[in-house]
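Q: The structure file query.cif (mmCIF, C-alpha atoms) is provided below.
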data_start
#
loop_
_atom_site.group_PDB
_atom_site.id
_atom_site.type_symbol
_atom_site.label_atom_id
_atom_site.label_comp_id
_atom_site.auth_asym_id
_atom_site.auth_seq_id
_atom_site.Cartn_x
_atom_site.Cartn_y
_atom_site.Cartn_z
ATOM 1 C CA MET A 1 -96.872 39.006 -9.215
ATOM 2 C CA HIS A 2 -93.555 37.576 -10.384
ATOM 3 C CA SER A 3 -93.528 34.192 -11.962
ATOM 4 C CA PRO A 4 -91.332 31.601 -10.207
ATOM 5 C CA ILE A 5 -88.937 31.556 -13.143
ATOM 6 C CA ASP A 6 -88.274 35.289 -12.888
ATOM 7 C CA ARG A 7 -87.518 34.876 -9.250
ATOM 8 C CA ARG A 8 -85.166 31.983 -9.922
ATOM 9 C CA ALA A 9 -83.308 33.919 -12.605
ATOM 10 C CA PHE A 10 -83.016 36.897 -10.324
ATOM 11 C CA LEU A 11 -81.609 34.802 -7.508
ATOM 12 C CA ALA A 12 -79.066 33.159 -9.802
ATOM 13 C CA GLY A 13 -77.977 36.578 -11.063
ATOM 14 C CA ALA A 14 -77.733 37.954 -7.548
ATOM 15 C CA ALA A 15 -75.635 34.981 -6.458
ATOM 16 C CA LEU A 16 -73.276 35.536 -9.385
ATOM 17 C CA LEU A 17 -72.927 39.221 -8.598
ATOM 18 C CA THR A 18 -71.966 38.558 -5.013
ATOM 19 C CA VAL A 19 -69.388 35.934 -5.960
ATOM 20 C CA LEU A 20 -67.623 37.726 -8.822
ATOM 21 C CA PRO A 21 -66.207 40.858 -7.139
ATOM 22 C CA LEU A 22 -64.986 38.781 -4.203
ATOM 23 C CA ALA A 23 -63.111 36.412 -6.464
ATOM 24 C CA SER A 24 -60.952 39.193 -7.876
ATOM 25 C CA ALA A 25 -59.764 40.834 -4.670
ATOM 26 C CA TYR A 26 -59.751 38.248 -1.915
ATOM 27 C CA ALA A 27 -59.243 34.608 -1.219
ATOM 28 C CA THR A 28 -62.682 33.105 -1.341
ATOM 29 C CA PRO A 29 -63.877 29.905 0.248
ATOM 30 C CA GLU A 30 -63.265 28.388 -3.220
ATOM 31 C CA ALA A 31 -59.680 29.677 -3.299
ATOM 32 C CA MET A 32 -59.197 28.263 0.176
ATOM 33 C CA ALA A 33 -60.601 24.932 -0.963
ATOM 34 C CA ALA A 34 -58.193 24.972 -3.909
ATOM 35 C CA ALA A 35 -55.233 25.757 -1.634
ATOM 36 C CA ILE A 36 -56.273 22.948 0.702
ATOM 37 C CA LYS A 37 -56.599 20.592 -2.234
ATOM 38 C CA GLU A 38 -53.022 21.391 -3.227
ATOM 39 C CA VAL A 39 -51.813 20.229 0.177
ATOM 40 C CA VAL A 40 -54.111 17.285 0.696
ATOM 41 C CA GLY A 41 -54.241 15.966 -2.857
ATOM 42 C CA ALA A 42 -56.491 12.957 -3.118
ATOM 43 C CA GLY A 43 -56.500 12.373 0.642
ATOM 44 C CA THR A 44 -59.592 12.874 2.731
ATOM 45 C CA ILE A 45 -59.733 15.256 5.663
ATOM 46 C CA ARG A 46 -61.401 14.206 8.873
ATOM 47 C CA GLU A 47 -62.509 16.418 11.718
ATOM 48 C CA GLY A 48 -60.875 15.888 15.080
ATOM 49 C CA LYS A 49 -57.495 15.442 16.801
ATOM 50 C CA VAL A 50 -56.661 19.055 15.943
ATOM 51 C CA LYS A 51 -57.381 21.920 18.301
ATOM 52 C CA LEU A 52 -57.341 25.447 16.920
ATOM 53 C CA ASP A 53 -57.268 28.205 19.513
ATOM 54 C CA LEU A 54 -58.178 31.704 18.382
ATOM 55 C CA PRO A 55 -60.031 34.455 20.177
ATOM 56 C CA PRO A 56 -63.663 34.387 18.928
ATOM 57 C CA LEU A 57 -63.784 38.182 18.869
ATOM 58 C CA VAL A 58 -60.757 40.091 17.642
ATOM 59 C CA GLU A 59 -60.448 43.831 18.090
ATOM 60 C CA ASN A 60 -57.346 44.272 15.943
ATOM 61 C CA GLY A 61 -56.955 42.020 12.900
ATOM 62 C CA ASN A 62 -53.282 42.962 12.603
ATOM 63 C CA VAL A 63 -52.259 40.746 15.501
ATOM 64 C CA VAL A 64 -54.340 37.678 16.205
ATOM 65 C CA PRO A 65 -52.811 35.022 18.460
ATOM 66 C CA LEU A 66 -53.290 31.507 17.133
ATOM 67 C CA THR A 67 -52.379 28.136 18.615
ATOM 68 C CA VAL A 68 -52.674 24.805 16.842
ATOM 69 C CA SER A 69 -52.295 21.632 18.881
ATOM 70 C CA VAL A 70 -52.614 18.126 17.511
ATOM 71 C CA GLU A 71 -53.126 14.949 19.502
ATOM 72 C CA SER A 72 -50.349 12.620 18.475
ATOM 73 C CA PRO A 73 -47.896 10.240 20.145
ATOM 74 C CA MET A 74 -45.119 11.901 18.078
ATOM 75 C CA THR A 75 -43.176 8.651 17.703
ATOM 76 C CA PRO A 76 -41.085 7.854 14.598
ATOM 77 C CA ALA A 77 -43.890 5.531 13.454
ATOM 78 C CA ASP A 78 -46.800 7.855 14.132
ATOM 79 C CA HIS A 79 -46.258 11.588 14.242
ATOM 80 C CA VAL A 80 -47.557 14.811 12.790
ATOM 81 C CA LYS A 81 -45.559 15.613 9.683
ATOM 82 C CA ALA A 82 -47.017 18.996 8.884
ATOM 83 C CA ILE A 83 -49.512 21.573 10.065
ATOM 84 C CA HIS A 84 -51.113 23.920 7.551
ATOM 85 C CA VAL A 85 -53.349 26.880 8.318
ATOM 86 C CA PHE A 86 -55.701 28.490 5.795
ATOM 87 C CA ASN A 87 -58.120 31.399 5.796
ATOM 88 C CA GLU A 88 -61.148 32.341 3.750
ATOM 89 C CA LYS A 89 -61.053 36.080 3.230
ATOM 90 C CA ASN A 90 -57.511 37.420 3.372
ATOM 91 C CA PRO A 91 -56.054 38.353 -0.035
ATOM 92 C CA GLN A 92 -54.365 34.933 -0.076
ATOM 93 C CA PRO A 93 -55.759 31.714 1.396
ATOM 94 C CA HIS A 94 -52.463 30.476 2.810
ATOM 95 C CA VAL A 95 -51.355 31.438 6.335
ATOM 96 C CA PHE A 96 -48.493 29.083 7.142
ATOM 97 C CA SER A 97 -47.195 25.552 6.729
ATOM 98 C CA ALA A 98 -44.996 24.016 9.392
ATOM 99 C CA ARG A 99 -42.924 20.845 9.164
ATOM 100 C CA LEU A 100 -42.621 18.739 12.285
ATOM 101 C CA GLY A 101 -41.377 15.327 13.325
ATOM 102 C CA PRO A 102 -40.874 13.026 16.296
ATOM 103 C CA GLN A 103 -38.077 15.342 17.475
ATOM 104 C CA ASN A 104 -40.713 17.913 18.443
ATOM 105 C CA GLY A 105 -42.213 15.800 21.228
ATOM 106 C CA LYS A 106 -45.589 17.427 20.867
ATOM 107 C CA ALA A 107 -47.345 18.943 17.904
ATOM 108 C CA VAL A 108 -48.127 22.380 19.266
ATOM 109 C CA ILE A 109 -47.415 25.626 17.415
ATOM 110 C CA ALA A 110 -48.277 29.170 18.374
ATOM 111 C CA THR A 111 -47.922 32.288 16.269
ATOM 112 C CA ARG A 112 -49.667 35.558 15.481
ATOM 113 C CA ILE A 113 -51.539 36.192 12.261
ATOM 114 C CA LYS A 114 -53.349 38.943 10.350
ATOM 115 C CA LEU A 115 -57.020 38.781 9.441
ATOM 116 C CA ALA A 116 -58.608 41.077 6.862
ATOM 117 C CA ASP A 117 -62.194 40.257 7.807
ATOM 118 C CA SER A 118 -64.445 38.162 9.993
ATOM 119 C CA GLN A 119 -63.959 34.681 8.659
ATOM 120 C CA LYS A 120 -63.309 31.023 9.137
ATOM 121 C CA ILE A 121 -59.802 29.681 9.802
ATOM 122 C CA ILE A 122 -58.914 26.060 9.105
ATOM 123 C CA ALA A 123 -55.948 24.103 10.465
ATOM 124 C CA ILE A 124 -54.983 20.836 8.808
ATOM 125 C CA ALA A 125 -52.576 18.305 10.282
ATOM 126 C CA GLU A 126 -50.850 15.734 8.118
ATOM 127 C CA THR A 127 -49.666 12.599 9.911
ATOM 128 C CA SER A 128 -46.797 10.278 8.990
ATOM 129 C CA THR A 129 -49.418 7.602 8.353
ATOM 130 C CA GLY A 130 -50.831 9.718 5.526
ATOM 131 C CA GLN A 131 -53.982 10.865 7.269
ATOM 132 C CA PHE A 132 -55.348 14.393 7.411
ATOM 133 C CA PHE A 133 -57.183 15.891 10.353
ATOM 134 C CA SER A 134 -58.682 19.341 10.598
ATOM 135 C CA ALA A 135 -60.266 21.866 12.889
ATOM 136 C CA SER A 136 -61.845 25.193 12.099
ATOM 137 C CA ALA A 137 -62.694 28.334 14.023
ATOM 138 C CA ASP A 138 -64.860 31.323 13.242
ATOM 139 C CA VAL A 139 -63.441 34.715 14.130
ATOM 140 C CA ILE A 140 -65.120 38.095 14.213
ATOM 141 C CA VAL A 141 -62.742 40.948 13.411
ATOM 142 C CA THR A 142 -63.589 44.567 14.262
ATOM 143 C CA LEU A 143 -60.521 46.276 12.772
ATOM 144 C CA ALA A 144 -59.297 44.613 9.591
ATOM 145 C CA ALA A 145 -55.648 44.123 8.671
ATOM 146 C CA CYS A 146 -53.757 44.185 5.356
ATOM 147 C CA ILE A 147 -55.996 46.472 3.358
ATOM 148 C CA GLU A 148 -56.293 49.639 5.374
ATOM 149 C CA ASP A 149 -54.557 52.756 4.157
ATOM 150 C CA VAL A 150 -51.392 53.642 6.001
ATOM 151 C CA THR A 151 -52.156 57.384 5.827
ATOM 152 C CA MET B 152 -29.141 44.860 12.115
ATOM 153 C CA THR B 153 -31.912 42.650 13.277
ATOM 154 C CA ASN B 154 -33.555 42.379 16.602
ATOM 155 C CA VAL B 155 -34.369 38.916 17.816
ATOM 156 C CA LEU B 156 -35.831 37.728 21.086
ATOM 157 C CA ILE B 157 -35.459 34.046 21.940
ATOM 158 C CA ASN B 158 -36.940 32.287 24.917
ATOM 159 C CA ALA B 159 -35.615 28.772 25.460
ATOM 160 C CA PRO B 160 -34.539 26.980 28.631
ATOM 161 C CA LYS B 161 -30.793 26.972 29.393
ATOM 162 C CA THR B 162 -30.914 23.481 30.864
ATOM 163 C CA ALA B 163 -33.141 20.454 30.342
ATOM 164 C CA LYS B 164 -33.326 16.829 31.422
ATOM 165 C CA PRO B 165 -32.689 14.195 28.742
ATOM 166 C CA GLY B 166 -35.947 13.472 26.947
ATOM 167 C CA GLU B 167 -37.671 16.551 28.308
ATOM 168 C CA ILE B 168 -39.945 18.410 25.903
ATOM 169 C CA VAL B 169 -38.909 22.054 25.906
ATOM 170 C CA GLU B 170 -40.697 25.039 24.434
ATOM 171 C CA ILE B 171 -38.758 27.391 22.171
ATOM 172 C CA LYS B 172 -40.208 30.819 21.506
ATOM 173 C CA ALA B 173 -38.790 33.270 19.024
ATOM 174 C CA LEU B 174 -39.741 36.804 18.054
ATOM 175 C CA ILE B 175 -38.085 38.860 15.348
ATOM 176 C CA LEU B 176 -38.567 42.495 14.416
ATOM 177 C CA HIS B 177 -39.808 42.664 10.834
ATOM 178 C CA PRO B 178 -42.559 44.740 9.155
ATOM 179 C CA MET B 179 -44.086 41.774 7.229
ATOM 180 C CA GLU B 180 -45.336 44.173 4.557
ATOM 181 C CA THR B 181 -48.106 42.292 2.774
ATOM 182 C CA GLY B 182 -47.833 43.816 -0.700
ATOM 183 C CA PHE B 183 -51.560 44.544 -0.658
ATOM 184 C CA ARG B 184 -51.533 47.927 1.062
ATOM 185 C CA PRO B 185 -51.432 51.287 -0.717
ATOM 186 C CA GLY B 186 -48.926 53.751 0.711
ATOM 187 C CA THR B 187 -49.270 57.517 1.175
ATOM 188 C CA ASN B 188 -48.703 58.086 -2.562
ATOM 189 C CA GLY B 189 -51.518 55.691 -3.454
ATOM 190 C CA LYS B 190 -49.131 53.107 -4.858
ATOM 191 C CA ILE B 191 -48.984 49.590 -3.456
ATOM 192 C CA ILE B 192 -46.117 49.127 -1.000
ATOM 193 C CA PRO B 193 -44.028 46.226 -2.361
ATOM 194 C CA ARG B 194 -44.194 42.945 -0.482
ATOM 195 C CA ASN B 195 -41.464 42.421 2.093
ATOM 196 C CA ILE B 196 -42.006 39.385 4.287
ATOM 197 C CA ILE B 197 -40.105 36.627 6.011
ATOM 198 C CA GLU B 198 -40.842 33.521 3.979
ATOM 199 C CA ARG B 199 -39.128 30.851 5.981
ATOM 200 C CA PHE B 200 -38.178 30.069 9.571
ATOM 201 C CA VAL B 201 -35.932 27.076 10.254
ATOM 202 C CA ALA B 202 -34.798 25.750 13.627
ATOM 203 C CA THR B 203 -31.887 23.375 14.090
ATOM 204 C CA TRP B 204 -30.512 21.448 17.076
ATOM 205 C CA ASN B 205 -26.762 20.919 16.721
ATOM 206 C CA GLY B 206 -27.150 21.499 13.015
ATOM 207 C CA ALA B 207 -29.982 19.021 12.432
ATOM 208 C CA GLU B 208 -33.290 20.542 11.365
ATOM 209 C CA ILE B 209 -36.022 20.159 13.991
ATOM 210 C CA PHE B 210 -38.685 22.582 12.827
ATOM 211 C CA ARG B 211 -39.542 24.616 9.757
ATOM 212 C CA MET B 212 -42.287 27.071 8.959
ATOM 213 C CA GLU B 213 -43.202 28.571 5.599
ATOM 214 C CA MET B 214 -44.840 31.950 6.158
ATOM 215 C CA SER B 215 -47.228 34.001 4.063
ATOM 216 C CA PRO B 216 -48.141 37.704 4.285
ATOM 217 C CA ALA B 217 -50.894 36.645 6.718
ATOM 218 C CA ILE B 218 -48.317 36.296 9.503
ATOM 219 C CA ALA B 219 -48.440 39.349 11.738
ATOM 220 C CA ALA B 220 -45.655 41.931 11.781
ATOM 221 C CA ASN B 221 -42.764 40.980 14.064
ATOM 222 C CA PRO B 222 -43.356 37.259 13.558
ATOM 223 C CA PHE B 223 -43.629 35.218 16.728
ATOM 224 C CA VAL B 224 -43.293 31.452 16.636
ATOM 225 C CA SER B 225 -43.491 28.961 19.460
ATOM 226 C CA PHE B 226 -42.795 25.247 19.058
ATOM 227 C CA PHE B 227 -41.541 22.286 21.058
ATOM 228 C CA ALA B 228 -38.530 20.002 20.859
ATOM 229 C CA VAL B 229 -37.278 16.938 22.692
ATOM 230 C CA ALA B 230 -34.022 17.684 24.511
ATOM 231 C CA THR B 231 -31.625 14.972 23.349
ATOM 232 C CA GLU B 232 -28.106 16.335 23.748
ATOM 233 C CA SER B 233 -26.315 19.455 24.883
ATOM 234 C CA GLY B 234 -25.443 21.912 22.193
ATOM 235 C CA THR B 235 -26.847 24.860 20.335
ATOM 236 C CA ILE B 236 -30.270 25.637 18.984
ATOM 237 C CA GLY B 237 -29.996 27.598 15.769
ATOM 238 C CA LEU B 238 -32.796 29.788 14.433
ATOM 239 C CA ARG B 239 -32.740 31.201 10.939
ATOM 240 C CA TRP B 240 -35.159 33.536 9.193
ATOM 241 C CA THR B 241 -35.003 34.223 5.466
ATOM 242 C CA GLY B 242 -37.238 36.351 3.299
ATOM 243 C CA ASP B 243 -37.813 38.960 0.637
ATOM 244 C CA GLU B 244 -35.140 41.495 -0.340
ATOM 245 C CA GLY B 245 -32.397 39.090 0.741
ATOM 246 C CA PHE B 246 -33.467 39.149 4.370
ATOM 247 C CA LEU B 247 -31.401 36.827 6.548
ATOM 248 C CA ALA B 248 -31.163 36.619 10.315
ATOM 249 C CA GLU B 249 -29.544 33.912 12.351
ATOM 250 C CA GLU B 250 -29.341 33.409 16.103
ATOM 251 C CA HIS B 251 -28.009 30.655 18.345
ATOM 252 C CA VAL B 252 -28.731 29.757 21.932
ATOM 253 C CA ALA B 253 -26.901 27.189 24.025
ATOM 254 C CA ILE B 254 -28.707 24.452 25.914
ATOM 255 C CA THR B 255 -27.282 21.984 28.439
ATOM 256 C CA VAL B 256 -28.972 18.602 28.629
ATOM 257 C CA GLY B 257 -28.206 16.397 31.594
#
Just give me the structure of the file as structure tokens.
A:
Amino acid sequence: MHSPIDRRAFLAGAALLTVLPLASAYATPEAMAAAIKEVVGAGTIREGKVKLDLPPLVENGNVVPLTVSVESPMTPADHVKAIHVFNEKNPQPHVFSARLGPQNGKAVIATRIKLADSQKIIAIAETSTGQFFSASADVIVTLAACIEDVT
Amino acid sequence: MTNVLINAPKTAKPGEIVEIKALILHPMETGFRPGTNGKIIPRNIIERFVATWNGAEIFRMEMSPAIAANPFVSFFAVATESGTIGLRWTGDEGFLAEEHVAITVG
């Protein structure tokens, strides 16, 4: 029988082992959090207003269609100033940052991205009133992008 | 020589919200992939996409290697006056591409 302390020490060690190799090669949830922090600063992020459209199951991670739409009147007084998209497990946490304004009429952006693994994607909208809204989506990727050999 | 595909309406009513879609041929090499010789292929991406309406900036996107090859971007704009929509891509290795489309508002 193991004593509870042995088990605790083992679990702590195992947790460390799983975190360390990830940290060196890929953006981790922590790296994503840090990248988000850089954009948001001291502001708080609330869920809602943002809609993130991604296929839930992706066959080819090299080309993943993504649409971000934000509910906003898009008036000079109240509009979406920026939309940022982040990922958890690509080599870098940043996907794109877009600058918008009332001249856009509606805050909707579509593009295509690469995903190196099954992971969570987060979209953050920054409004002219200084608020941050977010939405996230989980994606399962069968063929990963970025890291495969070209041979 | 760059290949660009732009989809924007030729005419619009004043105040109408129009969709502008743009696709450009570019490898968007991430800088994380080893090539046939085992060495990492250097990063070569488009870093920035800027759209203007009669010279005034209406939309801007900062890209990372996570944008798929042949970057596609779709966004919206309020049609205010006739003129030209300018699209400009800049990136690594001095990459620069610029395209203009005319739009008639009225």
Q: Quick one: which residues end up in the PyMOL selection byres ((chain B and resi 224-239) around 6) for this structure, as number ranges by chain?
A: A: 103-105, 109-111; B: 165-173, 200-205, 223, 240, 248-256
Q: Enumerate, in order of chain and increasing residue number, the residues of chain A with an atom no farther than 6 Å from chain B, each with its shortest atom pair and distance in Å to one decimal, counting all atoms listed in the file, as CSV.
A:
residue,atom,partner,partner_atom,distance
A:Val63,CA,B:Ala219,CA,5.5
A:Val95,CA,B:Ala217,CA,5.2
A:Phe96,CA,B:Met214,CA,4.7
A:Ser97,CA,B:Glu213,CA,5.1
A:Ala98,CA,B:Met212,CA,4.1
A:Arg99,CA,B:Arg211,CA,5.1
A:Leu100,CA,B:Phe210,CA,5.5
A:Gln103,CA,B:Val229,CA,5.5
A:Asn104,CA,B:Ala228,CA,3.9
A:Gly105,CA,B:Val229,CA,5.3
A:Ile109,CA,B:Phe226,CA,4.9
A:Ala110,CA,B:Ser225,CA,4.9
A:Thr111,CA,B:Val224,CA,4.7
A:Arg112,CA,B:Ala219,CA,5.5
A:Ile113,CA,B:Ile218,CA,4.2
A:Lys114,CA,B:Ala217,CA,4.9
A:Ile147,CA,B:Arg184,CA,5.2
A:Asp149,CA,B:Pro185,CA,6.0
A:Val150,CA,B:Gly186,CA,5.8
A:Thr151,CA,B:Thr187,CA,5.5
Q: Run the PyMOL selection byres ((chain A and resi 117) around 9) mentally over the shown coordinates, then write out the matched residues as JSON, numbers by chain, using the chain letters and numbers from the document.
A: {"A": [61, 88, 89, 90, 115, 116, 118, 119, 139, 140, 141, 142, 143, 144, 145]}
Q: Please list, as number ranges by chain, the residues that have an atom at most 6 Å away from (-37.9, 10.1, 16.1) in the coordinates of this file, counting only C-alpha atoms.
A: A: 75-76, 102-103
Q: Those same residues - C-alpha atoms - I'd like them written as a compact mmCIF listing (two decimals), in the coordinates of the input.
A:
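This is the output file selection-v3.txt:
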# COMPACT_ATOMS: atom_id res chain seq x y z
CA THR A 75 -43.18 8.65 17.70
CA PRO A 76 -41.08 7.85 14.60
CA PRO A 102 -40.87 13.03 16.30
CA GLN A 103 -38.08 15.34 17.48
Q: Here is a test: counting all atoms listed in the file, which residue of A:Arg46, A:Thr67, A:Asn62, A:Ile121 is nearest to His94 (chain A)?
A: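 Answer, going by the shortest atom-to-atom distance: A:Ile121.
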Q: Which distance in Å separates CA of Ala27 (chain A) and CA of Phe132 (chain A), to one decimal?
A: 22.3 Å
Q: Rounded to one decimal, what separation in Å do you get between CA of Ala82 (chain A) and CA of Ile157 (chain B)?
A: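 Computing the Euclidean distance for CA of Ala82 (chain A) and CA of Ile157 (chain B) yields 23.0 Å.
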Q: Which residue out of A:Ala137, A:Ser72, A:Gly130, A:Lys81 has the minimum interatomic distance to Lys49 (chain A) when only C-alpha atoms are used?
A: A:Ser72
Q: List, as a list in words, every residue that the PyMOL selection byres ((chain B and resi 195) around 7) selects in the file provided.
A: Met179, Glu180, Thr181, Pro193, Arg194, Ile196, Asp243 and Glu244 of chain B
Q: Provide the CA of Pro93 (chain A) to CA of Leu247 (chain B) distance in Å, to one decimal place.
A: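 About the pair CA of Pro93 (chain A) and CA of Leu247 (chain B): they are 25.4 Å apart.
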Q: With a distance cut-off of 10 Å and all atoms listed in the file, select the neighbouring residues of Pro73 (chain A), excluding the residue or stretch itself and same-chain residues fewer than 4 positions from it, and output the selection as a list in words.
A: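 Near Pro73 (chain A), the qualifying residues are Ala77, Asp78, His79, Val80, Pro102, Gly105, Lys106 and Ala107 of chain A.
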Q: Create the file for the chosen residues now, containing C-alpha atoms and written as a PDB file, in the frame of the given file.
A:
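Written output follows (out_31.pdb):
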ATOM      1  CA  ALA A  77     -43.890   5.531  13.454  1.00  0.00           C
ATOM      2  CA  ASP A  78     -46.800   7.855  14.132  1.00  0.00           C
ATOM      3  CA  HIS A  79     -46.258  11.588  14.242  1.00  0.00           C
ATOM      4  CA  VAL A  80     -47.557  14.811  12.790  1.00  0.00           C
ATOM      5  CA  PRO A 102     -40.874  13.026  16.296  1.00  0.00           C
ATOM      6  CA  GLY A 105     -42.213  15.800  21.228  1.00  0.00           C
ATOM      7  CA  LYS A 106     -45.589  17.427  20.867  1.00  0.00           C
ATOM      8  CA  ALA A 107     -47.345  18.943  17.904  1.00  0.00           C
TER       9      ALA A 107
END
Q: Would you place a box with edges along x, y and z of the file around all atoms of region 155-158 of chain B listed there, add 4 Å to each of its six sides, and report the centre and edge lengths in Å to one decimal, as lines of an AutoDock Vina configuration file?
A:
center_x = -35.7
center_y = 35.6
center_z = 21.4
size_x = 10.6
size_y = 14.6
size_z = 15.1
Q: Would you mind listing what lies within 9 Å of Gly48 (chain A) as a CSV table (one decimal) with C-alpha atoms, in the frame of the given file, with all atoms listed in the file counted and same-chain residues fewer than 3 positions away left out?
A:
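Everything below was put into selection.csv:
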chain,number,residue,atom,x,y,z
A,51,LYS,CA,-57.4,21.9,18.3
A,70,VAL,CA,-52.6,18.1,17.5
A,71,GLU,CA,-53.1,14.9,19.5
A,133,PHE,CA,-57.2,15.9,10.4
A,134,SER,CA,-58.7,19.3,10.6
A,135,ALA,CA,-60.3,21.9,12.9
